[in-house]
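What's in model-v7.cif: mmCIF, C-alpha atoms and all ligand atoms
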```
data_coords
loop_
_atom_site.label_atom_id
_atom_site.label_comp_id
_atom_site.auth_asym_id
_atom_site.auth_seq_id
_atom_site.Cartn_x
_atom_site.Cartn_y
_atom_site.Cartn_z
CA MET A 13 121.45 -65.02 -63.66
CA ARG A 14 124.45 -66.70 -62.02
CA VAL A 15 127.34 -66.26 -64.44
CA ILE A 16 131.02 -67.00 -64.83
CA VAL A 17 133.50 -64.99 -66.89
CA TYR A 18 135.49 -66.94 -69.50
CA GLY A 19 138.97 -65.41 -69.31
CA SER A 20 141.19 -64.22 -66.47
CA ARG A 21 143.50 -61.48 -67.69
CA ALA A 22 143.39 -58.57 -65.29
CA ASP A 23 144.94 -56.38 -68.01
CA GLY A 24 142.66 -57.72 -70.74
CA HIS A 25 139.07 -58.15 -71.80
CA ALA A 26 138.01 -59.91 -68.58
CA THR A 27 138.37 -56.67 -66.64
CA VAL A 28 136.52 -54.73 -69.35
CA VAL A 29 133.56 -57.11 -69.25
CA ILE A 30 133.42 -57.24 -65.45
CA GLU A 31 133.59 -53.44 -65.14
CA LEU A 32 131.05 -52.72 -67.87
CA PHE A 33 128.52 -55.48 -67.30
CA GLY A 34 129.30 -57.22 -64.00
CA GLN A 35 127.56 -54.52 -61.96
CA GLN A 36 124.24 -55.04 -63.74
CA ALA A 37 121.59 -56.34 -61.37
CA GLU A 38 120.71 -59.25 -63.65
CA TYR A 39 124.12 -60.88 -63.22
CA GLU A 40 125.59 -62.53 -60.15
CA LEU A 41 129.28 -63.13 -60.86
CA ILE A 42 130.50 -66.46 -59.49
CA GLY A 43 134.09 -66.72 -60.74
CA LEU A 44 136.40 -67.04 -63.73
CA VAL A 45 137.17 -69.89 -66.11
CA ASP A 46 140.57 -70.21 -67.78
CA ASP A 47 141.83 -73.07 -69.94
CA HIS A 48 145.46 -72.65 -68.96
CA PRO A 49 146.32 -74.48 -65.70
CA GLU A 50 149.18 -72.03 -65.08
CA ASN A 51 146.55 -69.27 -64.68
CA SER A 52 144.61 -71.10 -61.98
CA ARG A 53 145.68 -68.66 -59.25
CA ARG A 54 144.65 -65.53 -61.10
CA SER A 55 141.96 -63.16 -59.91
CA VAL A 56 140.20 -60.23 -61.57
CA CYS A 57 138.18 -57.63 -59.63
CA GLY A 58 138.02 -60.03 -56.67
CA LEU A 59 136.82 -63.00 -58.75
CA LYS A 60 138.94 -66.17 -58.75
CA VAL A 61 139.55 -68.85 -61.35
CA ILE A 62 137.24 -71.75 -60.47
CA GLY A 63 137.81 -74.09 -63.40
CA THR A 64 138.69 -74.76 -67.00
CA ARG A 65 136.66 -75.62 -70.08
CA ASN A 66 136.50 -79.20 -68.79
CA ASP A 67 134.58 -78.03 -65.74
CA LEU A 68 131.75 -76.26 -67.60
CA CYS A 69 129.27 -79.14 -67.21
CA ALA A 70 130.03 -79.47 -63.51
CA LEU A 71 129.64 -75.73 -63.06
CA ALA A 72 126.27 -75.90 -64.83
CA ASP A 73 125.24 -78.72 -62.45
CA SER A 74 126.26 -76.54 -59.50
CA GLY A 75 123.88 -73.76 -60.50
CA VAL A 76 125.88 -71.60 -62.90
CA GLU A 77 123.50 -70.46 -65.66
CA GLY A 78 125.52 -68.42 -68.11
CA VAL A 79 128.90 -67.26 -69.35
CA LEU A 80 130.21 -63.79 -70.18
CA LEU A 81 133.03 -64.01 -72.73
CA GLY A 82 135.99 -62.29 -71.09
CA PHE A 83 138.66 -62.62 -73.77
CA GLY A 84 139.26 -60.50 -76.84
CA ALA A 85 140.99 -62.99 -79.14
CA ALA A 86 139.14 -64.12 -82.24
CA ARG A 87 140.84 -67.47 -82.79
CA GLY A 88 139.37 -70.22 -80.67
CA ARG A 89 136.13 -68.34 -80.00
CA ALA A 90 133.93 -70.78 -81.93
CA ASP A 91 135.23 -73.84 -80.05
CA ILE A 92 134.73 -72.11 -76.73
CA ILE A 93 131.20 -71.07 -77.67
CA ALA A 94 130.45 -74.68 -78.66
CA ALA A 95 131.76 -75.96 -75.33
CA ILE A 96 129.66 -73.45 -73.42
CA GLU A 97 126.53 -74.38 -75.34
CA HIS A 98 127.28 -78.10 -74.98
CA ALA A 99 127.27 -77.56 -71.21
CA GLY A 100 123.81 -76.00 -71.50
CA LEU A 101 125.01 -72.58 -70.37
CA ALA A 102 123.51 -69.36 -71.72
CA LEU A 103 125.52 -66.74 -73.59
CA PRO A 104 123.86 -63.41 -72.86
CA VAL A 105 124.11 -60.57 -75.37
CA LEU A 106 126.13 -57.80 -73.72
CA ARG A 107 125.06 -54.45 -75.03
CA HIS A 108 126.44 -51.30 -73.41
CA PRO A 109 123.79 -48.58 -72.94
CA SER A 110 125.86 -46.12 -74.98
CA SER A 111 125.93 -48.41 -78.02
CA HIS A 112 123.40 -47.97 -80.79
CA VAL A 113 121.70 -50.86 -82.57
CA SER A 114 119.25 -50.41 -85.45
CA ALA A 115 115.84 -51.99 -84.92
CA SER A 116 116.43 -54.10 -88.03
CA ALA A 117 119.86 -55.39 -86.97
CA SER A 118 120.21 -58.81 -85.33
CA LEU A 119 122.37 -59.74 -82.37
CA SER A 120 123.06 -63.44 -81.66
CA PRO A 121 123.80 -65.00 -78.26
CA GLY A 122 127.15 -64.06 -76.79
CA SER A 123 127.62 -61.02 -79.00
CA GLN A 124 129.06 -57.98 -77.27
CA LEU A 125 128.72 -54.28 -78.05
CA LEU A 126 131.02 -52.05 -76.04
CA PRO A 127 130.60 -48.32 -75.32
CA GLY A 128 129.89 -46.21 -78.39
CA ALA A 129 129.64 -49.13 -80.80
CA ALA A 130 127.09 -48.66 -83.58
CA VAL A 131 125.30 -51.31 -85.62
CA GLY A 132 123.30 -50.18 -88.66
CA PRO A 133 120.12 -51.38 -90.35
CA GLY A 134 120.09 -54.97 -91.52
CA ALA A 135 123.45 -55.79 -89.98
CA CYS A 136 123.92 -59.24 -88.38
CA ILE A 137 126.24 -59.85 -85.45
CA ALA A 138 126.70 -63.60 -85.06
CA ARG A 139 127.32 -65.70 -81.97
CA GLY A 140 130.12 -64.55 -79.72
CA ALA A 141 131.24 -61.72 -82.00
CA LEU A 142 132.76 -58.68 -80.30
CA VAL A 143 132.17 -55.12 -81.50
CA ASN A 144 134.63 -53.16 -79.40
CA THR A 145 134.58 -49.57 -78.18
CA GLY A 146 133.53 -47.05 -80.81
CA ALA A 147 133.53 -49.52 -83.69
CA ILE A 148 131.01 -48.94 -86.47
CA VAL A 149 129.18 -51.76 -88.22
CA GLU A 150 127.29 -50.17 -91.09
CA HIS A 151 124.10 -51.27 -92.81
CA ASP A 152 123.78 -54.86 -94.05
CA VAL A 153 127.18 -55.93 -92.77
CA LYS A 154 127.63 -59.55 -91.64
CA VAL A 155 129.93 -60.12 -88.69
CA GLU A 156 130.22 -63.88 -88.46
CA GLN A 157 130.67 -66.18 -85.48
CA GLY A 158 133.48 -65.23 -83.12
CA ALA A 159 134.79 -62.33 -85.20
CA VAL A 160 136.38 -59.46 -83.29
CA ILE A 161 136.02 -55.84 -84.41
CA ASN A 162 138.58 -53.82 -82.47
CA PRO A 163 138.13 -50.26 -81.18
CA GLY A 164 137.29 -47.60 -83.74
CA ALA A 165 137.21 -49.92 -86.74
CA VAL A 166 134.69 -49.12 -89.46
CA LEU A 167 132.90 -51.83 -91.44
CA THR A 168 131.17 -50.08 -94.32
CA GLY A 169 127.97 -51.20 -96.03
CA ARG A 170 127.40 -54.83 -96.95
CA CYS A 171 130.89 -56.04 -96.14
CA VAL A 172 131.37 -59.47 -94.53
CA VAL A 173 133.75 -60.33 -91.72
CA GLY A 174 134.31 -64.08 -91.63
CA PRO A 175 134.26 -66.42 -88.64
CA GLU A 176 137.01 -65.78 -86.07
CA SER A 177 138.58 -63.03 -88.12
CA GLU A 178 139.90 -59.91 -86.44
CA ILE A 179 139.68 -56.31 -87.64
CA GLY A 180 142.40 -54.15 -86.07
CA ALA A 181 141.79 -50.91 -84.24
CA GLY A 182 140.90 -48.04 -86.55
CA ALA A 183 140.87 -50.17 -89.70
CA VAL A 184 138.33 -49.54 -92.45
CA VAL A 185 136.74 -52.25 -94.60
CA LEU A 186 135.21 -50.81 -97.77
CA PRO A 187 131.71 -51.67 -99.08
CA ASP A 188 131.00 -55.21 -100.30
CA VAL A 189 134.46 -56.44 -99.35
CA GLU A 190 134.75 -59.86 -97.69
CA VAL A 191 137.31 -60.64 -95.01
CA GLY A 192 137.88 -64.42 -94.96
CA SER A 193 137.67 -66.67 -91.94
CA ARG A 194 140.46 -66.31 -89.39
CA ALA A 195 142.04 -63.49 -91.32
CA VAL A 196 143.57 -60.54 -89.46
CA VAL A 197 143.33 -56.94 -90.65
CA GLY A 198 146.06 -54.82 -89.07
CA ALA A 199 145.34 -51.70 -87.08
CA GLY A 200 144.78 -48.69 -89.31
CA ALA A 201 144.51 -50.66 -92.55
CA VAL A 202 142.09 -49.76 -95.33
CA VAL A 203 140.78 -52.94 -96.92
CA THR A 204 139.82 -52.32 -100.55
CA ARG A 205 139.53 -55.91 -101.80
CA SER A 206 138.59 -59.24 -100.34
CA VAL A 207 141.00 -60.84 -97.91
CA PRO A 208 141.66 -64.61 -98.23
CA PRO A 209 141.09 -66.77 -95.15
CA ASN A 210 143.98 -67.14 -92.69
CA THR A 211 145.97 -64.18 -93.98
CA ILE A 212 147.18 -61.01 -92.28
CA VAL A 213 146.82 -57.76 -94.19
CA VAL A 214 148.20 -54.35 -93.24
CA GLY A 215 148.52 -50.86 -94.63
CA VAL A 216 146.70 -48.47 -96.93
CA PRO A 217 145.58 -50.01 -99.19
CA ALA A 218 145.82 -53.27 -97.26
CA ARG A 219 148.26 -55.86 -98.59
CA VAL A 220 149.16 -59.30 -97.34
CA GLN A 221 151.86 -59.00 -94.69
CA PRO A 222 155.04 -60.66 -96.00
CA ALA A 223 155.87 -62.54 -92.80
CA GLN A 224 152.83 -64.73 -92.18
CA GLY A 225 152.00 -67.19 -89.49
CA ARG A 226 151.07 -65.16 -86.47
CA SER A 227 148.05 -63.42 -85.12
CA ALA A 228 148.38 -60.44 -82.84
CA THR A 229 145.73 -61.80 -80.52
CA GLY A 230 146.00 -65.51 -81.09
CA GLN A 231 145.58 -66.50 -77.45
CA ALA A 232 142.13 -67.07 -76.11
CA GLU A 233 143.28 -65.61 -72.79
CA ASP A 234 143.60 -62.10 -74.26
C1 LIG A 301 148.95 -56.55 -88.14
C2 LIG A 301 149.28 -57.30 -86.87
C3 LIG A 301 148.24 -58.40 -86.65
C4 LIG A 301 150.65 -57.89 -87.04
O1 LIG A 301 151.04 -58.55 -85.89
P1 LIG A 301 152.40 -59.41 -85.94
O2 LIG A 301 152.26 -60.49 -86.95
O3 LIG A 301 152.72 -59.79 -84.53
O4 LIG A 301 153.45 -58.39 -86.55
P2 LIG A 301 154.75 -57.68 -85.92
O5 LIG A 301 154.37 -56.82 -84.77
O6 LIG A 301 155.78 -58.73 -85.71
O7 LIG A 301 155.19 -56.75 -87.13
C5 LIG A 301 155.62 -57.30 -88.35
C6 LIG A 301 155.82 -56.15 -89.32
O8 LIG A 301 154.55 -55.58 -89.66
C7 LIG A 301 154.52 -54.19 -89.32
N1 LIG A 301 153.19 -53.92 -88.80
C8 LIG A 301 152.62 -54.44 -87.69
N2 LIG A 301 151.36 -54.00 -87.56
C9 LIG A 301 151.15 -53.17 -88.57
C10 LIG A 301 150.03 -52.39 -88.96
N3 LIG A 301 148.89 -52.41 -88.25
N4 LIG A 301 150.12 -51.65 -90.08
C11 LIG A 301 151.27 -51.62 -90.81
N5 LIG A 301 152.37 -52.36 -90.49
C12 LIG A 301 152.29 -53.11 -89.37
C13 LIG A 301 155.59 -54.03 -88.26
O9 LIG A 301 156.07 -52.70 -88.24
C14 LIG A 301 156.63 -55.00 -88.75
O10 LIG A 301 157.33 -54.43 -89.83
P3 LIG A 301 158.92 -54.63 -89.98
O11 LIG A 301 159.13 -56.12 -90.13
O12 LIG A 301 159.23 -53.86 -91.20
O13 LIG A 301 159.50 -54.09 -88.73
C15 LIG A 301 149.22 -56.38 -85.62
O14 LIG A 301 150.35 -55.52 -85.57
C16 LIG A 301 147.97 -55.52 -85.55
O15 LIG A 301 147.84 -54.45 -86.17
N6 LIG A 301 147.01 -56.03 -84.75
C17 LIG A 301 145.79 -55.34 -84.43
C18 LIG A 301 145.70 -55.31 -82.91
C19 LIG A 301 144.55 -54.46 -82.40
O16 LIG A 301 143.92 -53.67 -83.08
N7 LIG A 301 144.28 -54.67 -81.12
C20 LIG A 301 143.24 -53.95 -80.41
C21 LIG A 301 143.06 -54.61 -79.06
S1 LIG A 301 141.95 -53.69 -78.03
#
```

Show me, as structure tokens, the structure contained in the file I just sent.
Ligand SMILES: CC(C)(COP(=O)(O)OP(=O)(O)OC[C@H]1O[C@@H](n2cnc3c(N)ncnc32)[C@H](O)[C@@H]1OP(=O)(O)O)[C@@H](O)C(=O)NCCC(=O)NCCS
Amino acid sequence: MRVIVYGSRADGHATVVIELFGQQAEYELIGLVDDHPENSRRSVCGLKVIGTRNDLCALADSGVEGVLLGFGAARGRADIIAAIEHAGLALPVLRHPSSHVSASASLSPGSQLLPGAAVGPGACIARGALVNTGAIVEHDVKVEQGAVINPGAVLTGRCVVGPESEIGAGAVVLPDVEVGSRAVVGAGAVVTRSVPPNTIVVGVPARVQPAQGRSATGQAED
């Protein structure tokens, strides 16, 4: 499959995706896509930026078949996925060989499981969601579209992580708890009750961060 990588940060998720999955025989890497014109001269692992979101249809016409999501930010993921699908491009599931996925779990297009990630029975990983290195998604958890589970986070049984929300590295979400859409759980937090949409929570137990309004990874180029 001829693929492009969406994202161009050499010190970010683009490099991770290219190193982990770009060598697989099924993918021929063509170039990078980045929405920010100021990044048009970037390159990652020898691949150059060859367009923006506006060029996806033209790239599809030129023979590109699929897109590997090469950014780690949660916000903006759903729009990017929609643009990729609108262009008729495939979003392969990227599953590292050292990850474990229960036979009864489901993985949607564009989902990514990095080394050591584990997904338990009945869990659902929706479109474009990222389960980063060593993260654990326990039984019957729902990780919704474009959510990002950062390294070492633990989602315990039946919890729900809403669309485009982000769970910080090493955080724990307790059973049955729901993290709202576009919420951010800080690194190391323990989430004991549901988190409203668009809030940032930190600490043990997790509480809403007093100074709101920012996301640690709010740029799609991360
Ligand atoms: C919680 C988080 C989103 C806050 O980001 P932010 O809004 O930019 O916050 P700031 O860095 O400005 O910090 C604001 C305050 O929160 C505190 N804080 C930041 N992150 C915290 C965390 N995880 N737990 C507890 N307190 C935290 C800071 O110490 C600071 O406190 P102060 O005002 O008393 O000095 C971010 O720090 C975080 O934890 N992101 C997760 C990132 C991650 O896991 N990335 C993995 C990529 S591979």

From A:Val173, A:Leu142, A:Leu103, A:Ile30, residue lying nearest ligand LIG 301 (chain A) [only C-alpha atoms and all ligand atoms]: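 Of all the options, A:Leu142 lies closest to ligand LIG 301 (chain A).
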
Applying 7 Å and all atoms listed in the file, which residues near stretch 75-82 of chain A remain after dropping the ones on its own chain fewer than 4 positions away? List them as a compact mmCIF listing (two decimals) with C-alpha atoms, in the frame of the given file.
```txt
# COMPACT_ATOMS: atom_id res chain seq x y z
CA MET A 13 121.45 -65.02 -63.66
CA ARG A 14 124.45 -66.70 -62.02
CA VAL A 15 127.34 -66.26 -64.44
CA ILE A 16 131.02 -67.00 -64.83
CA VAL A 17 133.50 -64.99 -66.89
CA TYR A 18 135.49 -66.94 -69.50
CA GLY A 19 138.97 -65.41 -69.31
CA HIS A 25 139.07 -58.15 -71.80
CA ALA A 26 138.01 -59.91 -68.58
CA VAL A 29 133.56 -57.11 -69.25
CA LEU A 71 129.64 -75.73 -63.06
CA LEU A 101 125.01 -72.58 -70.37
CA ALA A 102 123.51 -69.36 -71.72
CA LEU A 103 125.52 -66.74 -73.59
CA PRO A 104 123.86 -63.41 -72.86
```

Near-ligand residues for ligand LIG 301 (chain A), threshold 10 Å, only C-alpha atoms and all ligand atoms, as a PyMOL selection string: chain A and resi 24-25+84-85+144-145+160-165+178-183+195-202+211-216+218-230+234

Counting all atoms listed in the file, the option among A:Ser118, A:Ala130, A:Arg65, A:Cys136 closest to A:Ala99: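 Of A:Ser118, A:Ala130, A:Arg65, A:Cys136, the one nearest A:Ala99 is A:Arg65, counting all atoms listed in the file.
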
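Non-sequential neighbours of A:Lys154 (distance at most 8 Å, separation of 4 or more positions within a chain, all atoms listed in the file) are Ala135, Cys136, Ile137, Ala138, Arg170, Cys171, Val172 and Val173 of chain A.
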
Go ahead and save the residues from that selection, with C-alpha atoms, as a PDB file, in the frame of the given file.
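result-v2.pdb, freshly written:
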```pdb
ATOM      1  CA  ALA A 135     123.450 -55.790 -89.980  1.00  0.00           C
ATOM      2  CA  CYS A 136     123.920 -59.240 -88.380  1.00  0.00           C
ATOM      3  CA  ILE A 137     126.240 -59.850 -85.450  1.00  0.00           C
ATOM      4  CA  ALA A 138     126.700 -63.600 -85.060  1.00  0.00           C
ATOM      5  CA  ARG A 170     127.400 -54.830 -96.950  1.00  0.00           C
ATOM      6  CA  CYS A 171     130.890 -56.040 -96.140  1.00  0.00           C
ATOM      7  CA  VAL A 172     131.370 -59.470 -94.530  1.00  0.00           C
ATOM      8  CA  VAL A 173     133.750 -60.330 -91.720  1.00  0.00           C
TER       9      VAL A 173
END
```

Contacts of A:Val28 within 10 Å, only C-alpha atoms, excl. fewer than 5 positions in-chain, as a PyMOL selection string: chain A and resi 21-23+33-34+82-84+126

Atomic distance atom CA of A:Leu41 - atom CA of A:Arg53, expressed in Å with one decimal: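 Atom CA of A:Leu41 sits 17.4 Å away from atom CA of A:Arg53.
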
Given only C-alpha atoms as the counted atoms, nearest of A:Leu186, A:Ala37, A:Val149, A:Leu44 to A:Gly128: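 Going through A:Leu186, A:Ala37, A:Val149, A:Leu44 one by one, the smallest distance to A:Gly128 is for A:Val149.
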
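Between atom CA of A:Pro175 and atom CA of A:Asp188 lies a distance of 16.5 Å.
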
Selection: 8 Å around A:Arg194, all atoms listed in the file, excl. self and same-chain fewer than 3 positions, as a PyMOL selection string: chain A and resi 86-87+174-178+209-211

Distance of atom CA of A:Ser111 from atom CA of A:Gly132, expressed in Å to one decimal place: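 Interatomic distance here is 11.1 Å.
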
Top pick for closest residue to A:Ile96, considering A:His151, A:Arg205, A:Arg54, A:Arg139 and counting only C-alpha atoms: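 Among the listed residues, A:Arg139 lies closest to A:Ile96.
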